[in-house]
$ cat structure07.pdb   # PDB, C-alpha atoms, pLDDT in the B column
ATOM      1  CA  MET R   1      92.642  74.152 128.895  1.00 63.00           C
ATOM      2  CA  SER R   2      93.228  73.680 125.189  1.00 73.00           C
ATOM      3  CA  MET R   3      93.148  76.866 123.111  1.00 76.00           C
ATOM      4  CA  ARG R   4      92.279  74.994 119.910  1.00 78.00           C
ATOM      5  CA  THR R   5      88.832  75.273 118.355  1.00 81.00           C
ATOM      6  CA  PRO R   6      86.695  72.113 118.006  1.00 82.00           C
ATOM      7  CA  LEU R   7      87.035  72.354 114.213  1.00 80.00           C
ATOM      8  CA  SER R   8      90.821  72.490 114.474  1.00 76.00           C
ATOM      9  CA  ARG R   9      90.826  69.435 116.751  1.00 75.00           C
ATOM     10  CA  VAL R  10      88.625  67.492 114.307  1.00 76.00           C
ATOM     11  CA  ARG R  11      90.816  68.376 111.345  1.00 74.00           C
ATOM     12  CA  GLY R  12      93.928  67.526 113.304  1.00 68.00           C
ATOM     13  CA  LEU R  13      96.174  69.222 110.789  1.00 65.00           C
ATOM     14  CA  GLY R  14      97.868  71.597 113.148  1.00 62.00           C
ATOM     15  CA  SER R  15     100.471  73.561 111.249  1.00 63.00           C
ATOM     16  CA  ALA R  16     102.099  70.521 109.642  1.00 60.00           C
ATOM     17  CA  LYS R  17     101.680  71.855 106.117  1.00 69.00           C
ATOM     18  CA  LYS R  18     104.029  73.980 104.042  1.00 79.00           C
ATOM     19  CA  GLY R  19     104.796  76.719 106.529  1.00 81.00           C
ATOM     20  CA  THR R  20     108.499  76.051 106.980  1.00 84.00           C
ATOM     21  CA  GLU R  21     109.205  75.763 103.261  1.00 89.00           C
ATOM     22  CA  HIS R  22     107.273  78.995 102.646  1.00 92.00           C
ATOM     23  CA  PHE R  23     109.133  80.832 105.416  1.00 92.00           C
ATOM     24  CA  TRP R  24     112.515  79.566 104.214  1.00 94.00           C
ATOM     25  CA  LEU R  25     111.997  80.387 100.532  1.00 95.00           C
ATOM     26  CA  GLN R  26     110.796  83.865 101.499  1.00 96.00           C
ATOM     27  CA  ARG R  27     114.181  84.393 103.192  1.00 96.00           C
ATOM     28  CA  VAL R  28     116.258  82.798 100.440  1.00 97.00           C
ATOM     29  CA  THR R  29     114.640  84.929  97.729  1.00 98.00           C
ATOM     30  CA  ALA R  30     114.921  87.992  99.999  1.00 98.00           C
ATOM     31  CA  ILE R  31     118.694  87.532 100.246  1.00 98.00           C
ATOM     32  CA  ALA R  32     118.969  87.113  96.484  1.00 98.00           C
ATOM     33  CA  ASN R  33     116.785  90.172  95.925  1.00 98.00           C
ATOM     34  CA  ILE R  34     119.215  92.507  97.709  1.00 98.00           C
ATOM     35  CA  PRO R  35     122.088  92.485  95.157  1.00 98.00           C
ATOM     36  CA  LEU R  36     119.699  91.952  92.232  1.00 98.00           C
ATOM     37  CA  THR R  37     117.539  94.956  93.152  1.00 97.00           C
ATOM     38  CA  VAL R  38     120.598  97.126  93.723  1.00 97.00           C
ATOM     39  CA  PHE R  39     121.673  96.199  90.191  1.00 98.00           C
ATOM     40  CA  LEU R  40     118.224  97.136  88.817  1.00 98.00           C
ATOM     41  CA  ILE R  41     118.252 100.517  90.568  1.00 97.00           C
ATOM     42  CA  ALA R  42     121.824 101.201  89.450  1.00 97.00           C
ATOM     43  CA  THR R  43     120.852 100.351  85.853  1.00 97.00           C
ATOM     44  CA  LEU R  44     117.853 102.701  85.934  1.00 96.00           C
ATOM     45  CA  VAL R  45     119.902 105.491  87.518  1.00 96.00           C
ATOM     46  CA  VAL R  46     122.861 105.264  85.137  1.00 96.00           C
ATOM     47  CA  HIS R  47     120.589 104.925  82.087  1.00 95.00           C
ATOM     48  CA  ALA R  48     118.131 107.645  83.142  1.00 92.00           C
ATOM     49  CA  GLY R  49     119.186 109.718  80.143  1.00 89.00           C
ATOM     50  CA  SER R  50     119.989 106.901  77.694  1.00 93.00           C
ATOM     51  CA  ASP R  51     118.265 106.632  74.336  1.00 94.00           C
ATOM     52  CA  TYR R  52     116.652 103.466  73.002  1.00 97.00           C
ATOM     53  CA  VAL R  53     119.707 102.031  71.252  1.00 97.00           C
ATOM     54  CA  THR R  54     122.004 102.498  74.255  1.00 97.00           C
ATOM     55  CA  MET R  55     119.459 101.056  76.683  1.00 97.00           C
ATOM     56  CA  ARG R  56     118.819  98.003  74.534  1.00 97.00           C
ATOM     57  CA  ALA R  57     122.493  97.387  73.867  1.00 97.00           C
ATOM     58  CA  PHE R  58     123.176  97.488  77.595  1.00 98.00           C
ATOM     59  CA  LEU R  59     120.465  94.949  78.403  1.00 98.00           C
ATOM     60  CA  ALA R  60     121.541  92.720  75.503  1.00 98.00           C
ATOM     61  CA  GLN R  61     124.932  91.995  77.117  1.00 98.00           C
ATOM     62  CA  PRO R  62     124.874  88.387  78.370  1.00 97.00           C
ATOM     63  CA  ILE R  63     125.916  89.275  81.925  1.00 97.00           C
ATOM     64  CA  VAL R  64     123.195  91.919  82.190  1.00 98.00           C
ATOM     65  CA  SER R  65     120.527  89.648  80.704  1.00 98.00           C
ATOM     66  CA  ILE R  66     121.461  86.886  83.118  1.00 98.00           C
ATOM     67  CA  VAL R  67     121.178  89.216  86.118  1.00 98.00           C
ATOM     68  CA  PHE R  68     117.798  90.441  84.900  1.00 98.00           C
ATOM     69  CA  LEU R  69     116.489  86.881  84.431  1.00 98.00           C
ATOM     70  CA  LEU R  70     117.667  86.001  87.937  1.00 98.00           C
ATOM     71  CA  LEU R  71     116.067  89.167  89.303  1.00 98.00           C
ATOM     72  CA  ILE R  72     112.745  88.303  87.659  1.00 98.00           C
ATOM     73  CA  ALA R  73     112.792  84.746  89.021  1.00 98.00           C
ATOM     74  CA  SER R  74     113.746  85.746  92.557  1.00 98.00           C
ATOM     75  CA  ALA R  75     111.575  88.871  92.834  1.00 98.00           C
ATOM     76  CA  VAL R  76     108.457  87.231  91.400  1.00 98.00           C
ATOM     77  CA  TRP R  77     108.877  84.197  93.632  1.00 98.00           C
ATOM     78  CA  HIS R  78     109.316  86.472  96.650  1.00 98.00           C
ATOM     79  CA  MET R  79     106.284  88.617  95.819  1.00 98.00           C
ATOM     80  CA  ARG R  80     104.140  85.542  95.212  1.00 98.00           C
ATOM     81  CA  LEU R  81     105.003  84.133  98.646  1.00 97.00           C
ATOM     82  CA  GLY R  82     104.551  87.544 100.250  1.00 97.00           C
ATOM     83  CA  LEU R  83     101.112  88.256  98.834  1.00 98.00           C
ATOM     84  CA  GLN R  84     100.000  84.744  99.757  1.00 96.00           C
ATOM     85  CA  VAL R  85     100.683  85.576 103.407  1.00 96.00           C
ATOM     86  CA  VAL R  86      98.720  88.831 103.062  1.00 97.00           C
ATOM     87  CA  ILE R  87      95.791  86.922 101.525  1.00 97.00           C
ATOM     88  CA  GLU R  88      95.889  84.247 104.219  1.00 94.00           C
ATOM     89  CA  ASP R  89      95.881  86.959 106.894  1.00 94.00           C
ATOM     90  CA  TYR R  90      92.957  89.001 105.608  1.00 95.00           C
ATOM     91  CA  VAL R  91      90.701  86.660 103.600  1.00 95.00           C
ATOM     92  CA  SER R  92      88.932  84.374 106.055  1.00 91.00           C
ATOM     93  CA  SER R  93      86.421  82.696 103.733  1.00 93.00           C
ATOM     94  CA  GLU R  94      87.993  79.460 102.451  1.00 93.00           C
ATOM     95  CA  GLY R  95      86.448  79.836  98.995  1.00 95.00           C
ATOM     96  CA  ARG R  96      87.554  83.399  98.434  1.00 97.00           C
ATOM     97  CA  LYS R  97      90.967  82.593  99.874  1.00 96.00           C
ATOM     98  CA  LEU R  98      91.417  79.797  97.341  1.00 96.00           C
ATOM     99  CA  VAL R  99      90.408  82.082  94.463  1.00 97.00           C
ATOM    100  CA  ALA R 100      92.677  84.888  95.684  1.00 98.00           C
ATOM    101  CA  ILE R 101      95.700  82.593  96.064  1.00 97.00           C
ATOM    102  CA  MET R 102      95.061  81.152  92.626  1.00 97.00           C
ATOM    103  CA  ALA R 103      94.819  84.652  91.137  1.00 98.00           C
ATOM    104  CA  ASN R 104      98.083  85.521  92.915  1.00 98.00           C
ATOM    105  CA  ASN R 105      99.777  82.494  91.323  1.00 98.00           C
ATOM    106  CA  PHE R 106      98.435  83.332  87.870  1.00 98.00           C
ATOM    107  CA  ALA R 107      99.432  87.006  88.099  1.00 98.00           C
ATOM    108  CA  SER R 108     102.939  86.068  89.268  1.00 98.00           C
ATOM    109  CA  ILE R 109     103.407  83.624  86.400  1.00 98.00           C
ATOM    110  CA  VAL R 110     102.141  86.188  83.872  1.00 98.00           C
ATOM    111  CA  VAL R 111     104.630  88.790  85.141  1.00 98.00           C
ATOM    112  CA  ALA R 112     107.498  86.280  85.211  1.00 98.00           C
ATOM    113  CA  VAL R 113     106.836  84.959  81.706  1.00 98.00           C
ATOM    114  CA  THR R 114     106.311  88.450  80.249  1.00 98.00           C
ATOM    115  CA  CYS R 115     109.506  89.873  81.747  1.00 98.00           C
ATOM    116  CA  SER R 116     111.581  86.791  80.901  1.00 98.00           C
ATOM    117  CA  LEU R 117     110.395  86.714  77.308  1.00 98.00           C
ATOM    118  CA  ALA R 118     111.195  90.417  76.910  1.00 98.00           C
ATOM    119  CA  VAL R 119     114.708  89.936  78.312  1.00 98.00           C
ATOM    120  CA  LEU R 120     115.310  86.855  76.138  1.00 98.00           C
ATOM    121  CA  LYS R 121     114.135  88.715  73.034  1.00 98.00           C
ATOM    122  CA  ILE R 122     116.485  91.581  73.836  1.00 98.00           C
ATOM    123  CA  ALA R 123     119.367  89.209  74.618  1.00 97.00           C
ATOM    124  CA  LEU R 124     118.991  86.895  71.617  1.00 96.00           C
ATOM    125  CA  ASN R 125     118.235  89.489  68.962  1.00 83.00           C
TER
ATOM    126  CA  MET L   1      77.126  76.402 120.906  1.00 41.00           C
ATOM    127  CA  ALA L   2      79.795  77.434 118.462  1.00 46.00           C
ATOM    128  CA  GLN L   3      79.065  81.093 119.177  1.00 49.00           C
ATOM    129  CA  GLN L   4      79.422  80.543 122.898  1.00 49.00           C
ATOM    130  CA  GLU L   5      82.766  78.880 122.298  1.00 52.00           C
ATOM    131  CA  ASN L   6      83.951  81.838 120.237  1.00 59.00           C
ATOM    132  CA  ALA L   7      82.888  84.393 122.818  1.00 63.00           C
ATOM    133  CA  SER L   8      84.744  82.690 125.640  1.00 75.00           C
ATOM    134  CA  ARG L   9      88.032  82.638 123.773  1.00 78.00           C
ATOM    135  CA  PRO L  10      90.471  85.371 124.690  1.00 79.00           C
ATOM    136  CA  LEU L  11      90.255  88.212 122.183  1.00 79.00           C
ATOM    137  CA  SER L  12      92.938  90.811 121.594  1.00 80.00           C
ATOM    138  CA  PRO L  13      91.930  94.452 121.073  1.00 80.00           C
ATOM    139  CA  HIS L  14      92.322  95.880 117.563  1.00 79.00           C
ATOM    140  CA  ILE L  15      94.934  98.473 116.515  1.00 74.00           C
ATOM    141  CA  GLN L  16      92.873 101.617 117.194  1.00 78.00           C
ATOM    142  CA  ILE L  17      93.176 101.004 120.937  1.00 83.00           C
ATOM    143  CA  TYR L  18      96.971 101.357 120.983  1.00 84.00           C
ATOM    144  CA  ARG L  19      99.167 104.441 120.956  1.00 87.00           C
ATOM    145  CA  TRP L  20     100.909 104.663 117.578  1.00 89.00           C
ATOM    146  CA  THR L  21     104.608 103.809 117.654  1.00 92.00           C
ATOM    147  CA  LEU L  22     107.308 103.937 114.984  1.00 94.00           C
ATOM    148  CA  THR L  23     107.682 100.153 115.056  1.00 93.00           C
ATOM    149  CA  MET L  24     103.941  99.759 114.388  1.00 93.00           C
ATOM    150  CA  ILE L  25     104.063 102.167 111.464  1.00 94.00           C
ATOM    151  CA  LEU L  26     107.094 100.337 110.049  1.00 96.00           C
ATOM    152  CA  SER L  27     105.371  96.977 110.378  1.00 95.00           C
ATOM    153  CA  ILE L  28     102.403  98.280 108.399  1.00 95.00           C
ATOM    154  CA  LEU L  29     104.665 100.031 105.867  1.00 97.00           C
ATOM    155  CA  HIS L  30     106.683  96.858 105.290  1.00 97.00           C
ATOM    156  CA  ARG L  31     103.546  95.053 104.204  1.00 97.00           C
ATOM    157  CA  ALA L  32     102.158  98.055 102.300  1.00 98.00           C
ATOM    158  CA  THR L  33     105.403  98.570 100.347  1.00 98.00           C
ATOM    159  CA  GLY L  34     105.477  94.830  99.625  1.00 98.00           C
ATOM    160  CA  VAL L  35     102.007  94.957  98.088  1.00 98.00           C
ATOM    161  CA  ALA L  36     102.897  98.152  96.193  1.00 98.00           C
ATOM    162  CA  LEU L  37     106.041  96.504  94.802  1.00 98.00           C
ATOM    163  CA  TYR L  38     103.892  93.611  93.610  1.00 98.00           C
ATOM    164  CA  ALA L  39     101.952  96.102  91.496  1.00 97.00           C
ATOM    165  CA  GLY L  40     105.227  97.778  90.536  1.00 96.00           C
ATOM    166  CA  THR L  41     106.460  94.661  88.738  1.00 97.00           C
ATOM    167  CA  GLY L  42     103.809  95.538  86.150  1.00 96.00           C
ATOM    168  CA  LEU L  43     105.869  98.653  85.392  1.00 97.00           C
ATOM    169  CA  LEU L  44     109.039  96.572  85.135  1.00 97.00           C
ATOM    170  CA  ALA L  45     107.251  94.245  82.693  1.00 98.00           C
ATOM    171  CA  TRP L  46     106.030  97.224  80.639  1.00 98.00           C
ATOM    172  CA  TRP L  47     109.534  98.744  80.498  1.00 98.00           C
ATOM    173  CA  LEU L  48     111.221  95.467  79.439  1.00 98.00           C
ATOM    174  CA  LEU L  49     108.483  94.644  76.924  1.00 97.00           C
ATOM    175  CA  ALA L  50     108.744  98.135  75.397  1.00 98.00           C
ATOM    176  CA  ILE L  51     112.513  97.735  74.919  1.00 98.00           C
ATOM    177  CA  ALA L  52     111.947  94.311  73.359  1.00 97.00           C
ATOM    178  CA  THR L  53     109.225  95.695  71.067  1.00 97.00           C
ATOM    179  CA  GLY L  54     110.939  98.722  69.562  1.00 96.00           C
ATOM    180  CA  PRO L  55     111.743 102.462  69.665  1.00 97.00           C
ATOM    181  CA  GLU L  56     108.091 103.606  69.387  1.00 97.00           C
ATOM    182  CA  ALA L  57     106.984 101.495  72.342  1.00 97.00           C
ATOM    183  CA  TYR L  58     109.999 102.721  74.330  1.00 97.00           C
ATOM    184  CA  GLU L  59     109.124 106.327  73.511  1.00 96.00           C
ATOM    185  CA  GLN L  60     105.739 105.815  75.204  1.00 96.00           C
ATOM    186  CA  VAL L  61     107.483 104.629  78.363  1.00 96.00           C
ATOM    187  CA  ARG L  62     109.761 107.674  78.280  1.00 94.00           C
ATOM    188  CA  LEU L  63     106.765 109.963  77.749  1.00 95.00           C
ATOM    189  CA  VAL L  64     105.048 108.625  80.854  1.00 96.00           C
ATOM    190  CA  SER L  65     108.224 108.414  82.946  1.00 94.00           C
ATOM    191  CA  SER L  66     109.198 112.014  82.147  1.00 92.00           C
ATOM    192  CA  HIS L  67     105.759 113.399  83.124  1.00 96.00           C
ATOM    193  CA  TRP L  68     105.687 114.733  86.704  1.00 97.00           C
ATOM    194  CA  LEU L  69     103.010 112.242  87.684  1.00 97.00           C
ATOM    195  CA  GLY L  70     105.040 109.355  86.243  1.00 96.00           C
ATOM    196  CA  ARG L  71     108.099 110.671  88.083  1.00 96.00           C
ATOM    197  CA  LEU L  72     106.119 110.742  91.315  1.00 97.00           C
ATOM    198  CA  VAL L  73     105.056 107.112  90.870  1.00 97.00           C
ATOM    199  CA  LEU L  74     108.662 106.109  90.076  1.00 97.00           C
ATOM    200  CA  PHE L  75     109.917 108.038  93.094  1.00 97.00           C
ATOM    201  CA  GLY L  76     107.433 106.155  95.257  1.00 97.00           C
ATOM    202  CA  TYR L  77     108.450 102.879  93.603  1.00 97.00           C
ATOM    203  CA  SER L  78     112.141 103.444  94.288  1.00 97.00           C
ATOM    204  CA  TRP L  79     111.447 104.457  97.895  1.00 98.00           C
ATOM    205  CA  ALA L  80     109.269 101.339  98.354  1.00 98.00           C
ATOM    206  CA  LEU L  81     112.152  99.187  97.058  1.00 98.00           C
ATOM    207  CA  PHE L  82     114.673 100.684  99.483  1.00 98.00           C
ATOM    208  CA  HIS L  83     112.219 100.707 102.367  1.00 98.00           C
ATOM    209  CA  HIS L  84     111.149  97.103 101.895  1.00 98.00           C
ATOM    210  CA  MET L  85     114.792  96.061 101.475  1.00 98.00           C
ATOM    211  CA  PHE L  86     115.840  97.641 104.774  1.00 98.00           C
ATOM    212  CA  GLY L  87     112.731  96.349 106.506  1.00 97.00           C
ATOM    213  CA  GLY L  88     113.745  92.903 105.258  1.00 97.00           C
ATOM    214  CA  ILE L  89     117.304  93.291 106.544  1.00 97.00           C
ATOM    215  CA  ARG L  90     115.836  94.238 109.945  1.00 97.00           C
ATOM    216  CA  HIS L  91     113.815  91.034 109.848  1.00 96.00           C
ATOM    217  CA  PHE L  92     116.989  89.061 109.049  1.00 96.00           C
ATOM    218  CA  ILE L  93     118.567  90.454 112.229  1.00 96.00           C
ATOM    219  CA  TRP L  94     115.494  89.378 114.196  1.00 96.00           C
ATOM    220  CA  ASP L  95     115.560  85.952 112.506  1.00 95.00           C
ATOM    221  CA  THR L  96     118.911  85.287 114.174  1.00 95.00           C
ATOM    222  CA  GLY L  97     117.256  85.931 117.547  1.00 95.00           C
ATOM    223  CA  ARG L  98     119.117  89.194 118.063  1.00 95.00           C
ATOM    224  CA  GLY L  99     117.956  92.786 118.356  1.00 93.00           C
ATOM    225  CA  PHE L 100     114.822  92.346 120.421  1.00 94.00           C
ATOM    226  CA  GLU L 101     115.875  94.651 123.273  1.00 95.00           C
ATOM    227  CA  LEU L 102     113.584  97.707 123.318  1.00 94.00           C
ATOM    228  CA  LYS L 103     116.478 100.094 122.811  1.00 95.00           C
ATOM    229  CA  THR L 104     117.834  98.121 119.843  1.00 95.00           C
ATOM    230  CA  VAL L 105     114.360  97.841 118.331  1.00 96.00           C
ATOM    231  CA  GLU L 106     113.983 101.616 118.555  1.00 96.00           C
ATOM    232  CA  ILE L 107     117.404 102.271 116.996  1.00 96.00           C
ATOM    233  CA  LEU L 108     116.730  99.771 114.184  1.00 96.00           C
ATOM    234  CA  ALA L 109     113.355 101.400 113.561  1.00 96.00           C
ATOM    235  CA  ARG L 110     114.976 104.811 113.161  1.00 97.00           C
ATOM    236  CA  ILE L 111     117.682 103.477 110.840  1.00 97.00           C
ATOM    237  CA  THR L 112     115.190 101.610 108.668  1.00 96.00           C
ATOM    238  CA  SER L 113     112.964 104.647 108.299  1.00 96.00           C
ATOM    239  CA  ILE L 114     115.650 107.255 107.587  1.00 97.00           C
ATOM    240  CA  VAL L 115     118.285 105.395 105.522  1.00 98.00           C
ATOM    241  CA  PRO L 116     115.856 104.300 102.733  1.00 98.00           C
ATOM    242  CA  LEU L 117     114.684 107.918 102.370  1.00 98.00           C
ATOM    243  CA  LEU L 118     118.284 109.152 102.074  1.00 98.00           C
ATOM    244  CA  LEU L 119     119.150 106.432  99.547  1.00 98.00           C
ATOM    245  CA  THR L 120     116.063 107.284  97.481  1.00 98.00           C
ATOM    246  CA  VAL L 121     117.036 110.950  97.350  1.00 98.00           C
ATOM    247  CA  LEU L 122     120.639 109.987  96.515  1.00 98.00           C
ATOM    248  CA  ALA L 123     119.499 107.661  93.701  1.00 97.00           C
ATOM    249  CA  TRP L 124     117.326 110.408  92.216  1.00 97.00           C
ATOM    250  CA  ALA L 125     120.067 113.013  92.501  1.00 97.00           C
ATOM    251  CA  LEU L 126     122.362 110.622  90.605  1.00 96.00           C
ATOM    252  CA  ALA L 127     119.627 109.853  88.055  1.00 95.00           C
ATOM    253  CA  TYR L 128     119.155 113.586  87.397  1.00 95.00           C
ATOM    254  CA  PHE L 129     122.922 113.896  87.078  1.00 94.00           C
ATOM    255  CA  TYR L 130     122.943 111.171  84.405  1.00 92.00           C
ATOM    256  CA  LEU L 131     119.948 112.869  82.776  1.00 88.00           C
ATOM    257  CA  GLY L 132     122.181 115.898  82.374  1.00 84.00           C
ATOM    258  CA  ALA L 133     120.295 118.143  84.794  1.00 77.00           C
ATOM    259  CA  PHE L 134     123.551 119.237  86.396  1.00 73.00           C
TER
END
$ encode --input "structure07.pdb" --output "structure tokens"
Amino acid sequence: MSMRTPLSRVRGLGSAKKGTEHFWLQRVTAIANIPLTVFLIATLVVHAGSDYVTMRAFLAQPIVSIVFLLLIASAVWHMRLGLQVVIEDYVSSEGRKLVAIMANNFASIVVAVTCSLAVLKIALN
Amino acid sequence: MAQQENASRPLSPHIQIYRWTLTMILSILHRATGVALYAGTGLLAWWLLAIATGPEAYEQVRLVSSHWLGRLVLFGYSWALFHHMFGGIRHFIWDTGRGFELKTVEILARITSIVPLLLTVLAWALAYFYLGAF
């Protein structure tokens, strides 16, 4: 007995979409996030008592700026993929799912652009 | 017709029917911390933007982050980071096909719930040290 619904049989798509790429990129960004997040936490801990000038000067160092840009790219990518899975799990209506995934993409891009611009402004000033 | 089809498909009972286990709680927490961290990137954006903008904007961040409520949110944020990180490492172990024995699963669950808490407390102790608290 086939466990597939009639609709699924008619569509005939199965799972041959972007599942593997999604799964793989979630893992790749997760690996990158480990050292990058440790660096972020270490920065926040060490500079807990720093004033504005010290904090800015630290972030303005090329090595630090580079790590922060990489962190933004990897973390935002990871969170975008992650929330997409959450949306796909809980939003069953196709229309609302589409809107939610689109909103997820927009929000992720806004965060990525905002953070990157801030880091670039600090680094290049 | 379609309804009949749906009813005859095997259905699994929902979560309230099961006894709560640590692995269940961790599974839910992994997703919950992930969603919370998504929101947390807004704070990261605010912090970076404030530094890029100037001393006045940065002072606002410091005002909020030194309030007890702000501290509480940041404490939760840092715990969510550690917790999600260790939950992710646990998933990496499972991705290799290892660690599915019940005993191993239970040990991993305990490690991934306790170690992030300890690291969070350690990070905050160090942060207070750098703040000059002691």
$ interface_residues --input "structure07.pdb" --of "chain R" --to "chain L" --cutoff "7 Å" --atoms "all atoms listed in the file" --output "VMD selection string"
chain R and resid 34 45 to 46 48 to 49 52 56 79 83 111 114 to 115 118 to 119 121 to 122
$ atom_distance --input "structure07.pdb" --atom1 "atom CA of R:Ala73" --atom2 "atom CA of R:Trp24"
16.1 Å
$ atom_distance --input "structure07.pdb" --atom1 "atom CA of R:Ser8" --atom2 "atom CA of L:Ser8"
16.3 Å
$ atom_distance --input "structure07.pdb" --atom1 "atom CA of R:Leu25" --atom2 "atom CA of L:Met24"
25.1 Å
$ residues_around --input "structure07.pdb" --residues "R:Leu59" --least-positions-apart "2" --cutoff "10 Å" --atoms "all atoms listed in the file" --output "MDAnalysis selection string"
(chainID R and resid 43 54:57 61:68 119:120 122:123) or (chainID L and resid 48 51:52)
$ resolve_selection --input "structure07.pdb" --expression "the PyMOL selection byres ((chain R and resi 84) around 10)" --output "MDAnalysis selection string"
chainID R and resid 22 78:83 85:89 97 100:102 104:105
$ resolve_selection --input "structure07.pdb" --expression "the PyMOL selection byres ((chain R and resi 33) around 9)" --output "list in words"
Val28, Thr29, Ala30, Ile31, Ala32, Ile34, Pro35, Leu36, Thr37, Val38, Leu71, Ser74, Ala75 and His78 of chain R; Met85 of chain L
$ write_last_selection --input "structure07.pdb" --atoms "C-alpha atoms" --output "mmCIF file, in the coordinates of the input"
data_model
loop_
_atom_site.group_PDB
_atom_site.id
_atom_site.type_symbol
_atom_site.label_atom_id
_atom_site.label_comp_id
_atom_site.auth_asym_id
_atom_site.auth_seq_id
_atom_site.Cartn_x
_atom_site.Cartn_y
_atom_site.Cartn_z
ATOM 1 C CA VAL R 28 116.258 82.798 100.440
ATOM 2 C CA THR R 29 114.640 84.929 97.729
ATOM 3 C CA ALA R 30 114.921 87.992 99.999
ATOM 4 C CA ILE R 31 118.694 87.532 100.246
ATOM 5 C CA ALA R 32 118.969 87.113 96.484
ATOM 6 C CA ILE R 34 119.215 92.507 97.709
ATOM 7 C CA PRO R 35 122.088 92.485 95.157
ATOM 8 C CA LEU R 36 119.699 91.952 92.232
ATOM 9 C CA THR R 37 117.539 94.956 93.152
ATOM 10 C CA VAL R 38 120.598 97.126 93.723
ATOM 11 C CA LEU R 71 116.067 89.167 89.303
ATOM 12 C CA SER R 74 113.746 85.746 92.557
ATOM 13 C CA ALA R 75 111.575 88.871 92.834
ATOM 14 C CA HIS R 78 109.316 86.472 96.650
ATOM 15 C CA MET L 85 114.792 96.061 101.475
#
$ closest_residue --input "structure07.pdb" --among "L:Thr112, L:Ile93, L:Thr33, L:Gln60" --to "R:Arg27" --atoms "only C-alpha atoms"
L:Ile93
$ closest_residue --input "structure07.pdb" --among "R:Met3, R:Arg9, R:Glu94, R:Ala60" --to "R:Leu124" --atoms "all atoms listed in the file"
R:Ala60
